[in-house]
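Here is input.tsv, consisting of TSV, C-alpha atoms:
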```tsv
chain	number	residue	atom	x	y	z
A	80	MET	CA	58.98	79.53	117.46
A	81	GLU	CA	59.29	76.57	115.10
A	82	GLN	CA	61.02	78.77	112.51
A	83	ILE	CA	63.72	79.72	115.00
A	84	LYS	CA	64.36	76.06	115.83
A	85	GLU	CA	64.91	75.34	112.15
A	86	PHE	CA	67.65	77.98	111.94
A	87	LEU	CA	69.44	77.18	115.22
A	88	PRO	CA	72.03	74.85	113.66
A	89	PHE	CA	73.02	77.76	111.41
A	90	LEU	CA	72.67	80.60	113.92
A	91	VAL	CA	74.59	79.16	116.87
A	92	PRO	CA	77.93	78.82	115.02
A	93	LEU	CA	77.50	82.33	113.55
A	94	ILE	CA	76.86	83.80	116.99
A	95	ILE	CA	79.91	82.01	118.41
A	96	ILE	CA	82.11	83.22	115.54
A	97	GLN	CA	80.77	86.75	115.97
A	98	PHE	CA	81.71	86.89	119.66
A	99	ILE	CA	85.15	85.36	119.02
A	100	LEU	CA	85.82	87.95	116.31
A	101	LEU	CA	84.54	90.75	118.57
A	102	GLY	CA	86.78	89.64	121.45
A	103	TYR	CA	89.84	89.31	119.22
A	104	THR	CA	89.24	92.72	117.65
A	105	ILE	CA	88.75	94.49	120.99
A	106	ARG	CA	91.91	92.85	122.37
A	107	HIS	CA	93.84	93.93	119.28
A	108	ILE	CA	92.60	97.52	119.58
A	109	LEU	CA	93.49	97.70	123.28
A	110	THR	CA	96.98	96.25	122.86
A	111	HIS	CA	98.12	98.35	119.90
A	112	GLU	CA	98.98	102.04	119.92
A	113	ASN	CA	99.05	102.95	116.22
A	114	TYR	CA	96.15	102.98	113.80
A	115	ARG	CA	96.09	103.81	110.10
A	116	ARG	CA	92.98	105.97	110.53
A	117	GLY	CA	91.22	107.17	113.66
A	118	SER	CA	91.97	106.59	117.31
A	119	ARG	CA	91.47	103.85	119.87
A	120	VAL	CA	88.19	105.34	121.10
A	121	LEU	CA	86.84	105.66	117.56
A	122	TRP	CA	87.63	102.06	116.68
A	123	LEU	CA	86.24	100.72	119.94
A	124	ALA	CA	82.98	102.57	119.23
A	125	VAL	CA	82.85	101.32	115.63
A	126	VAL	CA	83.52	97.73	116.66
A	127	ILE	CA	81.09	97.68	119.59
A	128	ILE	CA	78.27	99.55	117.85
A	129	GLY	CA	78.77	97.75	114.54
A	130	MET	CA	78.99	94.39	116.27
A	131	GLN	CA	77.40	92.30	113.50
A	132	PHE	CA	80.76	91.48	111.90
A	133	TRP	CA	80.94	94.83	110.11
A	134	GLY	CA	82.71	96.74	112.88
A	135	ALA	CA	85.51	94.20	113.12
A	136	ILE	CA	85.81	93.90	109.35
A	137	LEU	CA	86.05	97.68	109.01
A	138	TYR	CA	88.75	97.83	111.67
A	139	PHE	CA	90.92	95.18	110.03
A	140	ALA	CA	90.37	96.67	106.57
A	141	LEU	CA	90.79	100.37	107.39
A	142	GLY	CA	92.18	100.93	110.86
A	143	LYS	CA	94.74	98.26	111.65
A	144	GLU	CA	98.29	99.53	111.28
A	145	GLU	CA	100.49	97.18	109.28
A	146	SER	CA	103.30	95.88	111.50
```

Using structure tokens, write down the structure that the file contains.
Amino acid sequence: MEQIKEFLPFLVPLIIIQFILLGYTIRHILTHENYRRGSRVLWLAVVIIGMQFWGAILYFALGKEES
């Protein structure tokens, strides 16, 4: 338990950033119709299942249509 307390100042901001990025990505997927690769359902699954930053990063790198 002591080890977790040592890392809390580092973990709390990361967790907050992760949820902000997840929320922004899901909102972006739901409000846009066109994707470079895949479909809305595919990207929602990738983002939600790959929640540790990687799903959102993959979406913005590979799936987001340039507007």

Practice task
Excluding Leu100 (chain A) and any residue of its chain fewer than 6 positions from it, enumerate the residues within 10 Å of it, using all atoms listed in the file, and give them as JSON, numbers by chain.
Solution key: {"A": [94, 106, 130, 131, 132, 134, 135, 136]}

Go ahead and save the picked residues with C-alpha atoms, as an mmCIF file, in the coordinates of the input.
```
data_model
loop_
_atom_site.group_PDB
_atom_site.id
_atom_site.type_symbol
_atom_site.label_atom_id
_atom_site.label_comp_id
_atom_site.auth_asym_id
_atom_site.auth_seq_id
_atom_site.Cartn_x
_atom_site.Cartn_y
_atom_site.Cartn_z
ATOM 1 C CA ILE A 94 76.860 83.800 116.990
ATOM 2 C CA ARG A 106 91.910 92.850 122.370
ATOM 3 C CA MET A 130 78.990 94.390 116.270
ATOM 4 C CA GLN A 131 77.400 92.300 113.500
ATOM 5 C CA PHE A 132 80.760 91.480 111.900
ATOM 6 C CA GLY A 134 82.710 96.740 112.880
ATOM 7 C CA ALA A 135 85.510 94.200 113.120
ATOM 8 C CA ILE A 136 85.810 93.900 109.350
#
```

Exercise for the section: Compile the contact shell of region 107-117 of chain A as a ChimeraX atom specification: residues with an atom at most 12 Å away, counting all atoms listed in the file, same-chain residues fewer than 6 positions apart removed. Expected result: /A:100-101,123-127,134-135,137-146

Handout entry: CA of Gly102 (chain A) to CA of Gly129 (chain A), straight-line distance in Å
Key =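 CA of Gly129 (chain A) sits 13.3 Å away from CA of Gly102 (chain A).
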
Practice task
Give me, please, the distance in Å between CA of Tyr103 (chain A) and CA of Trp122 (chain A), quoted to one decimal.
Solution key: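 Pair CA of Tyr103 (chain A) / CA of Trp122 (chain A) returns 13.2 Å.
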
Box centre and edge lengths (Å, one decimal), axis-aligned, region 121-126 of chain A plus 4 Å each side, as JSON:
```
{"center_x": 85.2, "center_y": 101.7, "center_z": 117.8, "size_x": 12.8, "size_y": 15.9, "size_z": 12.3}
```

Practice task
Would you work out the distance separating CA of Trp133 (chain A) from CA of Gln97 (chain A), expressed in Å to one decimal?
Solution key: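 Going from CA of Trp133 (chain A) over to CA of Gln97 (chain A) covers 10.0 Å.
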
Can I get region 126-143 of chain A with N, CA, C and O atoms filled in, as a PDB file, in the frame of the given file?
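Saved the output as result.pdb:
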```pdb
ATOM      1  N   VAL A 126      83.585  99.181 116.504  1.00  0.00           N
ATOM      2  CA  VAL A 126      83.520  97.730 116.660  1.00  0.00           C
ATOM      3  C   VAL A 126      82.362  97.327 117.571  1.00  0.00           C
ATOM      4  O   VAL A 126      81.639  96.377 117.281  1.00  0.00           O
ATOM      5  N   ILE A 127      82.153  98.052 118.648  1.00  0.00           N
ATOM      6  CA  ILE A 127      81.090  97.680 119.590  1.00  0.00           C
ATOM      7  C   ILE A 127      79.713  98.012 119.016  1.00  0.00           C
ATOM      8  O   ILE A 127      78.788  97.201 119.114  1.00  0.00           O
ATOM      9  N   ILE A 128      79.571  99.168 118.408  1.00  0.00           N
ATOM     10  CA  ILE A 128      78.270  99.550 117.850  1.00  0.00           C
ATOM     11  C   ILE A 128      77.968  98.726 116.592  1.00  0.00           C
ATOM     12  O   ILE A 128      76.847  98.272 116.387  1.00  0.00           O
ATOM     13  N   GLY A 129      78.954  98.531 115.755  1.00  0.00           N
ATOM     14  CA  GLY A 129      78.770  97.750 114.540  1.00  0.00           C
ATOM     15  C   GLY A 129      79.111  96.297 114.766  1.00  0.00           C
ATOM     16  O   GLY A 129      79.853  95.705 113.997  1.00  0.00           O
ATOM     17  N   MET A 130      78.570  95.708 115.810  1.00  0.00           N
ATOM     18  CA  MET A 130      78.990  94.390 116.270  1.00  0.00           C
ATOM     19  C   MET A 130      78.676  93.263 115.296  1.00  0.00           C
ATOM     20  O   MET A 130      79.305  92.223 115.345  1.00  0.00           O
ATOM     21  N   GLN A 131      77.755  93.401 114.390  1.00  0.00           N
ATOM     22  CA  GLN A 131      77.400  92.300 113.500  1.00  0.00           C
ATOM     23  C   GLN A 131      78.445  92.133 112.419  1.00  0.00           C
ATOM     24  O   GLN A 131      78.173  92.344 111.250  1.00  0.00           O
ATOM     25  N   PHE A 132      79.620  91.741 112.772  1.00  0.00           N
ATOM     26  CA  PHE A 132      80.760  91.480 111.900  1.00  0.00           C
ATOM     27  C   PHE A 132      81.322  92.740 111.252  1.00  0.00           C
ATOM     28  O   PHE A 132      82.511  92.833 111.045  1.00  0.00           O
ATOM     29  N   TRP A 133      80.492  93.689 110.910  1.00  0.00           N
ATOM     30  CA  TRP A 133      80.940  94.830 110.110  1.00  0.00           C
ATOM     31  C   TRP A 133      81.944  95.709 110.841  1.00  0.00           C
ATOM     32  O   TRP A 133      82.884  96.219 110.231  1.00  0.00           O
ATOM     33  N   GLY A 134      81.768  95.919 112.137  1.00  0.00           N
ATOM     34  CA  GLY A 134      82.710  96.740 112.880  1.00  0.00           C
ATOM     35  C   GLY A 134      84.112  96.153 112.870  1.00  0.00           C
ATOM     36  O   GLY A 134      85.102  96.837 112.631  1.00  0.00           O
ATOM     37  N   ALA A 135      84.202  94.867 113.120  1.00  0.00           N
ATOM     38  CA  ALA A 135      85.510  94.200 113.120  1.00  0.00           C
ATOM     39  C   ALA A 135      86.117  94.177 111.727  1.00  0.00           C
ATOM     40  O   ALA A 135      87.320  94.404 111.556  1.00  0.00           O
ATOM     41  N   ILE A 136      85.310  93.921 110.729  1.00  0.00           N
ATOM     42  CA  ILE A 136      85.810  93.900 109.350  1.00  0.00           C
ATOM     43  C   ILE A 136      86.316  95.277 108.953  1.00  0.00           C
ATOM     44  O   ILE A 136      87.382  95.399 108.334  1.00  0.00           O
ATOM     45  N   LEU A 137      85.585  96.330 109.311  1.00  0.00           N
ATOM     46  CA  LEU A 137      86.050  97.680 109.010  1.00  0.00           C
ATOM     47  C   LEU A 137      87.365  97.993 109.698  1.00  0.00           C
ATOM     48  O   LEU A 137      88.257  98.605 109.112  1.00  0.00           O
ATOM     49  N   TYR A 138      87.512  97.571 110.959  1.00  0.00           N
ATOM     50  CA  TYR A 138      88.750  97.830 111.670  1.00  0.00           C
ATOM     51  C   TYR A 138      89.932  97.166 110.980  1.00  0.00           C
ATOM     52  O   TYR A 138      90.954  97.792 110.731  1.00  0.00           O
ATOM     53  N   PHE A 139      89.799  95.880 110.649  1.00  0.00           N
ATOM     54  CA  PHE A 139      90.920  95.180 110.030  1.00  0.00           C
ATOM     55  C   PHE A 139      91.187  95.662 108.617  1.00  0.00           C
ATOM     56  O   PHE A 139      92.321  95.609 108.146  1.00  0.00           O
ATOM     57  N   ALA A 140      90.175  96.177 107.927  1.00  0.00           N
ATOM     58  CA  ALA A 140      90.370  96.670 106.570  1.00  0.00           C
ATOM     59  C   ALA A 140      90.920  98.100 106.542  1.00  0.00           C
ATOM     60  O   ALA A 140      91.762  98.432 105.716  1.00  0.00           O
ATOM     61  N   LEU A 141      90.451  98.949 107.462  1.00  0.00           N
ATOM     62  CA  LEU A 141      90.790 100.370 107.390  1.00  0.00           C
ATOM     63  C   LEU A 141      91.647 100.889 108.536  1.00  0.00           C
ATOM     64  O   LEU A 141      92.387 101.856 108.362  1.00  0.00           O
ATOM     65  N   GLY A 142      91.545 100.322 109.713  1.00  0.00           N
ATOM     66  CA  GLY A 142      92.180 100.930 110.860  1.00  0.00           C
ATOM     67  C   GLY A 142      93.446 100.267 111.352  1.00  0.00           C
ATOM     68  O   GLY A 142      94.285 100.915 111.975  1.00  0.00           O
ATOM     69  N   LYS A 143      93.590  98.990 111.112  1.00  0.00           N
ATOM     70  CA  LYS A 143      94.740  98.260 111.650  1.00  0.00           C
ATOM     71  C   LYS A 143      96.021  98.725 110.963  1.00  0.00           C
ATOM     72  O   LYS A 143      96.124  98.713 109.757  1.00  0.00           O
TER      73      LYS A 143
END
```
